[in-house]
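*Asks:* Next up, data-v9.txt (compact mmCIF, C-alpha atoms).
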# COMPACT_ATOMS: atom_id res chain seq x y z
CA MET A 1442 -20.23 8.09 10.48
CA ALA A 1443 -23.18 7.21 8.27
CA ASN A 1444 -21.60 4.05 6.93
CA GLU A 1445 -20.10 1.16 8.80
CA LEU A 1446 -16.60 -0.23 8.45
CA ILE A 1447 -17.84 -3.63 7.29
CA GLU A 1448 -19.43 -2.15 4.16
CA PHE A 1449 -16.21 -0.57 2.98
CA VAL A 1450 -14.31 -3.78 3.70
CA LEU A 1451 -16.82 -5.83 1.70
CA VAL A 1452 -16.49 -3.51 -1.32
CA SER A 1453 -12.74 -3.91 -0.99
CA VAL A 1454 -13.06 -7.72 -0.93
CA ALA A 1455 -15.21 -7.60 -4.07
CA LEU A 1456 -12.59 -5.48 -5.84
CA LEU A 1457 -9.85 -7.89 -4.72
CA GLY A 1458 -11.81 -10.84 -6.16
CA ILE A 1459 -12.31 -9.06 -9.49
CA GLY A 1460 -8.63 -8.13 -9.62
CA ILE A 1461 -7.49 -11.69 -8.97
CA TYR A 1462 -9.91 -12.95 -11.61
CA GLY A 1463 -8.44 -10.53 -14.15
CA LEU A 1464 -4.88 -11.39 -13.18
CA SER A 1465 -5.45 -15.12 -13.57
CA VAL A 1466 -7.61 -15.18 -16.70
CA LYS A 1467 -6.45 -12.36 -18.96
CA ARG A 1468 -3.45 -12.85 -21.20
CA ASN A 1469 -3.30 -9.30 -22.44
CA ALA A 1470 -0.43 -7.52 -20.66
CA ILE A 1471 -2.26 -4.19 -20.41
CA ARG A 1472 -5.38 -5.83 -18.97
CA MET A 1473 -3.21 -7.51 -16.34
CA LEU A 1474 -1.96 -4.04 -15.39
CA PHE A 1475 -5.61 -2.95 -15.02
CA ALA A 1476 -6.15 -5.89 -12.65
CA VAL A 1477 -3.09 -4.93 -10.58
CA GLU A 1478 -4.41 -1.37 -10.34
CA ILE A 1479 -7.78 -2.63 -9.10
CA ILE A 1480 -6.09 -4.75 -6.42
CA VAL A 1481 -3.90 -1.85 -5.26
CA ASN A 1482 -6.98 0.37 -5.01
CA ALA A 1483 -8.80 -2.23 -2.95
CA ALA A 1484 -5.85 -2.23 -0.53
CA ASN A 1485 -5.86 1.59 -0.35
CA LEU A 1486 -9.60 1.62 0.37
CA ASN A 1487 -9.01 -0.81 3.22
CA LEU A 1488 -6.21 1.35 4.62
CA ILE A 1489 -8.32 4.51 4.65
CA ALA A 1490 -11.39 2.72 6.03
CA PHE A 1491 -9.53 1.16 8.96
CA ALA A 1492 -7.68 4.43 9.61
CA ARG A 1493 -10.99 6.32 9.82
CA PHE A 1494 -12.37 3.86 12.35
CA MET A 1495 -9.47 4.11 14.78
CA PRO A 1496 -10.58 4.75 18.34
CA GLU A 1497 -8.64 8.01 18.37
CA ALA A 1498 -8.21 10.17 15.30
CA HIS A 1499 -4.79 9.52 13.78
CA SER A 1500 -3.32 10.64 10.48
CA GLY A 1501 -0.98 7.67 10.01
CA GLY A 1502 -3.34 5.66 7.81
CA GLN A 1503 -3.87 8.50 5.37
CA THR A 1504 -0.14 9.15 5.20
CA LEU A 1505 0.51 5.48 4.42
CA ALA A 1506 -2.20 5.53 1.74
CA LEU A 1507 -0.55 8.55 0.12
CA PHE A 1508 2.78 6.72 0.02
CA SER A 1509 1.03 3.67 -1.43
CA ILE A 1510 -0.56 5.76 -4.20
CA ALA A 1511 2.83 7.25 -5.09
CA ILE A 1512 4.47 3.80 -5.20
CA ALA A 1513 1.65 2.53 -7.45
CA ALA A 1514 2.28 5.44 -9.81
CA ALA A 1515 5.96 4.47 -10.06
CA GLU A 1516 5.01 0.83 -10.63
CA VAL A 1517 2.62 1.68 -13.45
CA ALA A 1518 5.20 3.85 -15.20
CA VAL A 1519 7.75 1.02 -15.20
CA GLY A 1520 5.13 -1.62 -16.07
CA LEU A 1521 3.83 0.29 -19.06
CA SER A 1522 7.31 0.89 -20.41
CA LEU A 1523 8.00 -2.85 -20.06
CA VAL A 1524 4.83 -3.51 -22.06
CA ILE A 1525 6.06 -1.12 -24.75
CA VAL A 1526 9.46 -2.81 -24.89
CA ALA A 1527 7.84 -6.25 -25.11
CA TYR A 1528 5.48 -5.02 -27.82
CA ARG A 1529 8.44 -3.72 -29.81
CA LEU A 1530 10.26 -7.05 -29.48
CA TYR A 1531 7.37 -9.43 -30.14
CA LYS A 1532 4.84 -7.22 -32.01
CA ASN A 1533 2.22 -8.57 -29.63
CA ILE A 1534 0.96 -7.97 -26.11
CA ASP A 1535 -0.06 -11.55 -25.36
CA ILE A 1536 1.97 -12.61 -22.33
CA ALA A 1537 1.95 -16.23 -23.53
CA ASP A 1538 4.21 -15.04 -26.35
CA PHE A 1539 6.77 -13.51 -24.03
CA ARG A 1540 8.74 -16.70 -23.64
CA SER A 1541 12.37 -16.02 -24.26
CA LEU A 1542 14.48 -13.34 -22.67
CA LYS A 1543 16.22 -12.60 -25.95
CA GLY A 1544 13.28 -11.61 -28.10
CA MET B 999 -27.34 0.24 6.83
CA ALA B 1000 -25.76 1.57 3.71
CA ASP B 1001 -27.28 4.71 2.29
CA VAL B 1002 -28.12 5.47 -1.34
CA LEU B 1003 -24.88 7.34 -2.05
CA PHE B 1004 -22.79 4.46 -0.78
CA LEU B 1005 -24.75 1.92 -2.83
CA ALA B 1006 -24.47 4.04 -5.98
CA LEU B 1007 -20.72 4.42 -5.45
CA SER B 1008 -20.22 0.70 -4.91
CA VAL B 1009 -22.24 -0.16 -8.02
CA LEU B 1010 -20.18 2.36 -10.03
CA THR B 1011 -16.87 1.11 -8.67
CA ILE B 1012 -17.47 -2.62 -8.98
CA GLY B 1013 -19.35 -2.35 -12.28
CA ALA B 1014 -16.59 -0.24 -13.79
CA ALA B 1015 -13.98 -2.70 -12.51
CA ILE B 1016 -15.76 -5.58 -14.25
CA ALA B 1017 -16.20 -3.45 -17.39
CA ALA B 1018 -12.50 -2.52 -17.38
CA LEU B 1019 -11.58 -6.20 -17.58
CA GLU B 1020 -14.38 -7.41 -19.84
CA LEU B 1021 -15.02 -4.68 -22.42
CA ARG B 1022 -13.82 -5.69 -25.85
CA SER B 1023 -11.91 -2.54 -26.63
CA LEU B 1024 -8.90 -1.70 -24.48
CA ILE B 1025 -9.63 2.02 -24.91
CA TYR B 1026 -13.10 1.71 -23.41
CA GLY B 1027 -11.57 -0.58 -20.81
CA SER B 1028 -9.13 2.08 -19.68
CA ILE B 1029 -11.94 4.65 -19.53
CA ALA B 1030 -13.90 2.21 -17.35
CA LEU B 1031 -10.80 1.88 -15.17
CA MET B 1032 -10.99 5.65 -14.69
CA GLY B 1033 -14.52 5.08 -13.38
CA THR B 1034 -13.24 2.58 -10.82
CA LEU B 1035 -10.50 4.92 -9.65
CA GLY B 1036 -12.93 7.83 -9.42
CA GLY B 1037 -15.35 5.66 -7.43
CA ILE B 1038 -12.57 4.85 -4.97
CA ALA B 1039 -11.93 8.60 -4.64
CA GLY B 1040 -15.62 8.98 -3.78
CA PHE B 1041 -15.24 6.37 -1.04
CA PHE B 1042 -12.30 8.36 0.32
CA ILE B 1043 -14.53 11.43 0.55
CA LEU B 1044 -17.19 9.37 2.34
CA LEU B 1045 -14.45 8.34 4.78
CA ASP B 1046 -13.65 11.99 5.59
CA SER B 1047 -10.29 11.93 3.82
CA PRO B 1048 -10.66 14.68 1.21
CA PHE B 1049 -6.90 15.16 0.86
CA VAL B 1050 -6.32 11.52 -0.12
CA ALA B 1051 -9.31 11.73 -2.47
CA MET B 1052 -7.81 14.73 -4.24
CA PHE B 1053 -4.46 12.93 -4.44
CA GLN B 1054 -6.21 9.87 -5.86
CA ILE B 1055 -7.95 11.95 -8.54
CA ALA B 1056 -4.76 13.85 -9.41
CA VAL B 1057 -2.45 10.83 -9.52
CA TYR B 1058 -4.71 7.99 -10.65
CA VAL B 1059 -7.44 9.52 -12.77
CA GLY B 1060 -5.24 12.36 -13.95
CA SER B 1061 -1.94 10.71 -14.73
CA ILE B 1062 -2.01 6.92 -14.54
CA ALA B 1063 -5.20 6.49 -16.55
CA VAL B 1064 -3.95 8.93 -19.20
CA LEU B 1065 -0.61 7.09 -19.31
CA ILE B 1066 -2.48 3.82 -19.86
CA LEU B 1067 -4.59 5.42 -22.61
CA PHE B 1068 -1.47 6.60 -24.40
CA THR B 1069 0.15 3.16 -24.13
CA VAL B 1070 -3.00 1.52 -25.49
CA MET B 1071 -2.95 3.85 -28.45
CA LEU B 1072 0.69 2.96 -29.18
CA VAL B 1073 -0.33 -0.66 -29.70
CA LYS B 1074 -1.51 -1.97 -33.06
CA ARG B 1075 -5.20 -1.52 -33.80
CA GLU B 1076 -6.20 -5.15 -34.14
CA LEU B 1077 -4.46 -6.07 -30.90
CA ILE B 1078 -6.62 -3.55 -29.02
CA PHE B 1079 -9.79 -5.35 -30.02
CA LYS B 1080 -8.52 -8.94 -29.97
CA LYS B 1081 -9.63 -10.97 -26.99
CA ILE B 1082 -7.25 -13.74 -26.08
CA GLU B 1083 -8.44 -16.10 -23.43
CA ASP B 1084 -9.37 -19.71 -22.83
CA PRO B 1085 -13.05 -20.41 -22.09
CA LYS B 1086 -12.03 -23.12 -19.60
CA ARG B 1087 -9.53 -20.84 -17.94
CA LYS B 1088 -12.18 -18.14 -17.74
CA LEU B 1089 -14.57 -20.48 -15.93
CA ALA B 1090 -11.81 -21.45 -13.52
CA GLY B 1091 -11.03 -17.77 -12.97
CA ILE B 1092 -14.67 -16.95 -12.20
CA GLY B 1093 -14.71 -19.88 -9.77
CA LEU B 1094 -11.55 -18.60 -8.10
CA MET B 1095 -13.07 -15.12 -7.84
CA LEU B 1096 -16.25 -16.45 -6.23
CA ILE B 1097 -14.26 -18.62 -3.83
CA ILE B 1098 -12.14 -15.66 -2.75
CA MET B 1099 -15.13 -13.35 -2.39
CA VAL B 1100 -17.22 -15.87 -0.42
CA ALA B 1101 -14.38 -17.15 1.76
CA VAL B 1102 -12.84 -13.80 2.65
CA GLY B 1103 -16.27 -12.22 2.94
CA ALA B 1104 -17.47 -14.96 5.30
CA ILE B 1105 -14.33 -14.63 7.42
CA ILE B 1106 -14.77 -10.87 7.67
CA LEU B 1107 -18.50 -11.08 8.37
CA ASP B 1108 -17.77 -13.59 11.11
CA SER B 1109 -15.01 -11.52 12.68
CA GLY B 1110 -15.27 -8.58 15.00
CA VAL B 1111 -15.01 -6.00 12.21
CA LYS B 1112 -18.81 -5.69 12.25
CA THR B 1113 -18.86 -4.25 15.73
CA ILE B 1114 -16.25 -1.54 15.14
CA THR B 1115 -17.78 1.91 15.23
CA THR B 1116 -16.22 5.24 15.86
CA ASP B 1117 -17.31 8.63 17.04
CA SER B 1118 -13.92 10.29 16.77
CA ALA B 1119 -13.64 13.46 14.76
CA PRO B 1120 -12.12 13.22 11.27
CA VAL B 1121 -8.41 13.96 10.93
CA ASP B 1122 -7.59 17.48 9.84
CA PHE B 1123 -5.62 17.37 6.60
CA ARG B 1124 -3.20 19.96 7.93
CA GLU B 1125 -1.98 17.22 10.28
CA ILE B 1126 -1.00 15.09 7.28
CA GLY B 1127 1.12 17.85 5.83
CA GLU B 1128 2.75 18.46 9.18
CA ASP B 1129 3.49 14.73 9.54
CA PHE B 1130 5.00 14.61 6.08
CA LEU B 1131 7.42 17.40 6.82
CA THR B 1132 8.39 16.45 10.36
CA TYR B 1133 8.10 12.79 11.27
CA TYR B 1134 8.08 11.25 7.79
CA TRP B 1135 10.62 13.49 6.03
CA PRO B 1136 13.17 10.71 5.26
CA ALA B 1137 10.38 8.61 3.76
CA LEU B 1138 9.22 11.59 1.72
CA ILE B 1139 12.70 12.10 0.29
CA ALA B 1140 13.06 8.37 -0.41
CA MET B 1141 9.68 8.49 -2.17
CA ALA B 1142 10.80 11.41 -4.33
CA LEU B 1143 13.97 9.52 -5.31
CA ILE B 1144 11.95 6.37 -6.08
CA LEU B 1145 9.56 8.32 -8.30
CA ALA B 1146 12.41 10.07 -10.11
CA GLY B 1147 14.24 6.77 -10.49
CA SER B 1148 11.22 4.96 -11.85
CA VAL B 1149 10.42 7.70 -14.34
CA ILE B 1150 14.04 7.76 -15.56
CA GLY B 1151 13.99 3.96 -15.71
CA ALA B 1152 10.79 4.00 -17.72
CA LEU B 1153 12.28 6.51 -20.14
CA VAL B 1154 15.44 4.43 -20.55
CA LEU B 1155 13.41 1.25 -21.10
CA ALA B 1156 11.08 2.76 -23.68
CA ARG B 1157 13.84 4.58 -25.58
CA ARG B 1158 14.15 3.58 -29.22
CA GLU B 1159 17.41 1.79 -29.72
CA ASP B 1160 17.87 2.58 -33.37
CA THR B 1161 21.32 3.59 -34.41
CA VAL B 1162 22.19 6.86 -36.05
CA GLU B 1163 23.82 6.09 -39.37
CA ASN B 1164 25.31 8.71 -41.62
CA GLY B 1165 23.71 11.38 -39.52
CA GLN B 1166 20.23 9.98 -40.26
CA ARG B 1167 17.88 8.06 -38.05
CA THR B 1168 17.02 4.71 -39.51
CA ASP B 1169 13.43 4.51 -38.34
So, in terms of structure tokens, how does the structure I just supplied come out?
*Replies:*
Amino acid sequence: MANELIEFVLVSVALLGIGIYGLSVKRNAIRMLFAVEIIVNAANLNLIAFARFMPEAHSGGQTLALFSIAIAAAEVAVGLSLVIVAYRLYKNIDIADFRSLKG
Amino acid sequence: MADVLFLALSVLTIGAAIAALELRSLIYGSIALMGTLGGIAGFFILLDSPFVAMFQIAVYVGSIAVLILFTVMLVKRELIFKKIEDPKRKLAGIGLMLIIMVAVGAIILDSGVKTITTDSAPVDFREIGEDFLTYYWPALIAMALILAGSVIGALVLARREDTVENGQRTD
């Protein structure tokens, strides 16, 4: 391996920090979804990196990452349709406006 | 030490992640998000996992990013460009980001992760397919049902609930 495990993990930590920043600062619902995607990708990168550096080659990490990617796809589909429903109810995508359950 | 390819990929990934959150237009933001996801796929190739990289490109760059682009274009034009955030909250958020990066980074740098090296051969992707169909088959079926359920749920949620009156749609 040309690169070391620690480098991949540090990139993943940087992505996690950026994702948490976006999740805590942004009030735009779609931008918050971007931040969630970045965090999920940081986790996947970690999974693959640690799986590659197992003492014996094992395919479990890659399999788990594939499941994780599929789950994230499902999550984004539902999240985006929730954003569309909220936009239709409130005519806005600012999450500070999404206050009542009734609309 | 990290080589040039790795450094270029990390700059692309992290820069595009920041751009995705900070660019004024949501459309450019979602294109920058594609850059992040593609950069992660590049890391997967560096880690000898070409199958996961292809999956990442097909699922994330191909479908999720396009889905996000379509949703962004469904939203009103001025909302796409409007930036809504508190300056104070933004400062606090940057502080939180730096604290997380420094703290977690220091913990990891201090731990034994640094010393882990490997000389094992990369996993053959045929093994993944074999695993999926033998050991993990119940999980694979559950995953298919979850995906189908979430897509149907998304369709039901986003359906227009306008009534049909006199044989005419009211929208």
*Asks:* Could you build a table of the residues in chain B lying no more than 6 Å from chain A, giving for each the nearest pair of atoms and their separation in Å rounded to one decimal place, using only C-alpha atoms, ordered by chain and ascending residue number, as JSON lines?
*Replies:*
{"residue": "B:Ala1000", "atom": "CA", "partner": "A:Asn1444", "partner_atom": "CA", "distance": 5.8}
{"residue": "B:Lys1088", "atom": "CA", "partner": "A:Val1466", "partner_atom": "CA", "distance": 5.5}
{"residue": "B:Gly1091", "atom": "CA", "partner": "A:Tyr1462", "partner_atom": "CA", "distance": 5.1}
{"residue": "B:Met1095", "atom": "CA", "partner": "A:Gly1458", "partner_atom": "CA", "distance": 4.8}
{"residue": "B:Ile1098", "atom": "CA", "partner": "A:Gly1458", "partner_atom": "CA", "distance": 5.9}
{"residue": "B:Met1099", "atom": "CA", "partner": "A:Gly1458", "partner_atom": "CA", "distance": 5.6}
{"residue": "B:Lys1112", "atom": "CA", "partner": "A:Ile1447", "partner_atom": "CA", "distance": 5.5}
{"residue": "B:Thr1116", "atom": "CA", "partner": "A:Phe1494", "partner_atom": "CA", "distance": 5.4}
{"residue": "B:Ser1118", "atom": "CA", "partner": "A:Ala1498", "partner_atom": "CA", "distance": 5.9}
{"residue": "B:Val1121", "atom": "CA", "partner": "A:Ala1498", "partner_atom": "CA", "distance": 5.8}
{"residue": "B:Ile1126", "atom": "CA", "partner": "A:Ser1500", "partner_atom": "CA", "distance": 6.0}
{"residue": "B:Leu1145", "atom": "CA", "partner": "A:Ala1515", "partner_atom": "CA", "distance": 5.6}
{"residue": "B:Ser1148", "atom": "CA", "partner": "A:Ala1515", "partner_atom": "CA", "distance": 5.6}
{"residue": "B:Ala1152", "atom": "CA", "partner": "A:Val1519", "partner_atom": "CA", "distance": 4.9}
{"residue": "B:Ala1156", "atom": "CA", "partner": "A:Ser1522", "partner_atom": "CA", "distance": 5.3}
*Asks:* Between atom CA of B:Tyr1058 and atom CA of B:Lys1081, what is the distance in Å, rounded to a tenth?
*Replies:*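 So the answer is 25.5 Å.
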*Asks:* In Å to one decimal, how far is atom CA of B:Val1009 from atom CA of A:Leu1488?
*Replies:*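 These two atoms are separated by 20.5 Å.
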*Asks:* Please, what distance in Å, to one decimal, runs between atom CA of A:Asn1487 and atom CA of B:Val1070?
*Replies:* 29.4 Å
*Asks:* Applying 9 Å and only C-alpha atoms, which residues near B:Leu1024 remain after dropping the ones on its own chain fewer than 5 positions away? List them as an mmCIF file with C-alpha atoms, keeping the file's coordinate frame.
*Replies:*
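The result, written out as out_36.cif:
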data_model
loop_
_atom_site.group_PDB
_atom_site.id
_atom_site.type_symbol
_atom_site.label_atom_id
_atom_site.label_comp_id
_atom_site.auth_asym_id
_atom_site.auth_seq_id
_atom_site.Cartn_x
_atom_site.Cartn_y
_atom_site.Cartn_z
ATOM 1 C CA ILE A 1471 -2.260 -4.190 -20.410
ATOM 2 C CA ARG A 1472 -5.380 -5.830 -18.970
ATOM 3 C CA ALA B 1018 -12.500 -2.520 -17.380
ATOM 4 C CA LEU B 1019 -11.580 -6.200 -17.580
ATOM 5 C CA ILE B 1029 -11.940 4.650 -19.530
ATOM 6 C CA LEU B 1067 -4.590 5.420 -22.610
ATOM 7 C CA VAL B 1070 -3.000 1.520 -25.490
ATOM 8 C CA LEU B 1077 -4.460 -6.070 -30.900
ATOM 9 C CA ILE B 1078 -6.620 -3.550 -29.020
ATOM 10 C CA PHE B 1079 -9.790 -5.350 -30.020
#
*Asks:* Looking at A:Ile1536, A:Leu1505, A:Ala1470, A:Ile1480, which one is nearest to B:Ile1012, with distances taken over only C-alpha atoms?
*Replies:* A:Ile1480
*Asks:* Excluding B:Gly1040 and residues on its chain fewer than 2 positions from it, collect all residues at most 10 Å away from it, counting all atoms listed in the file, and give them as a PyMOL selection string.
*Replies:* chain B and resi 1003-1004+1007-1008+1011+1034-1038+1042-1045+1047-1048+1051-1052+1054-1055
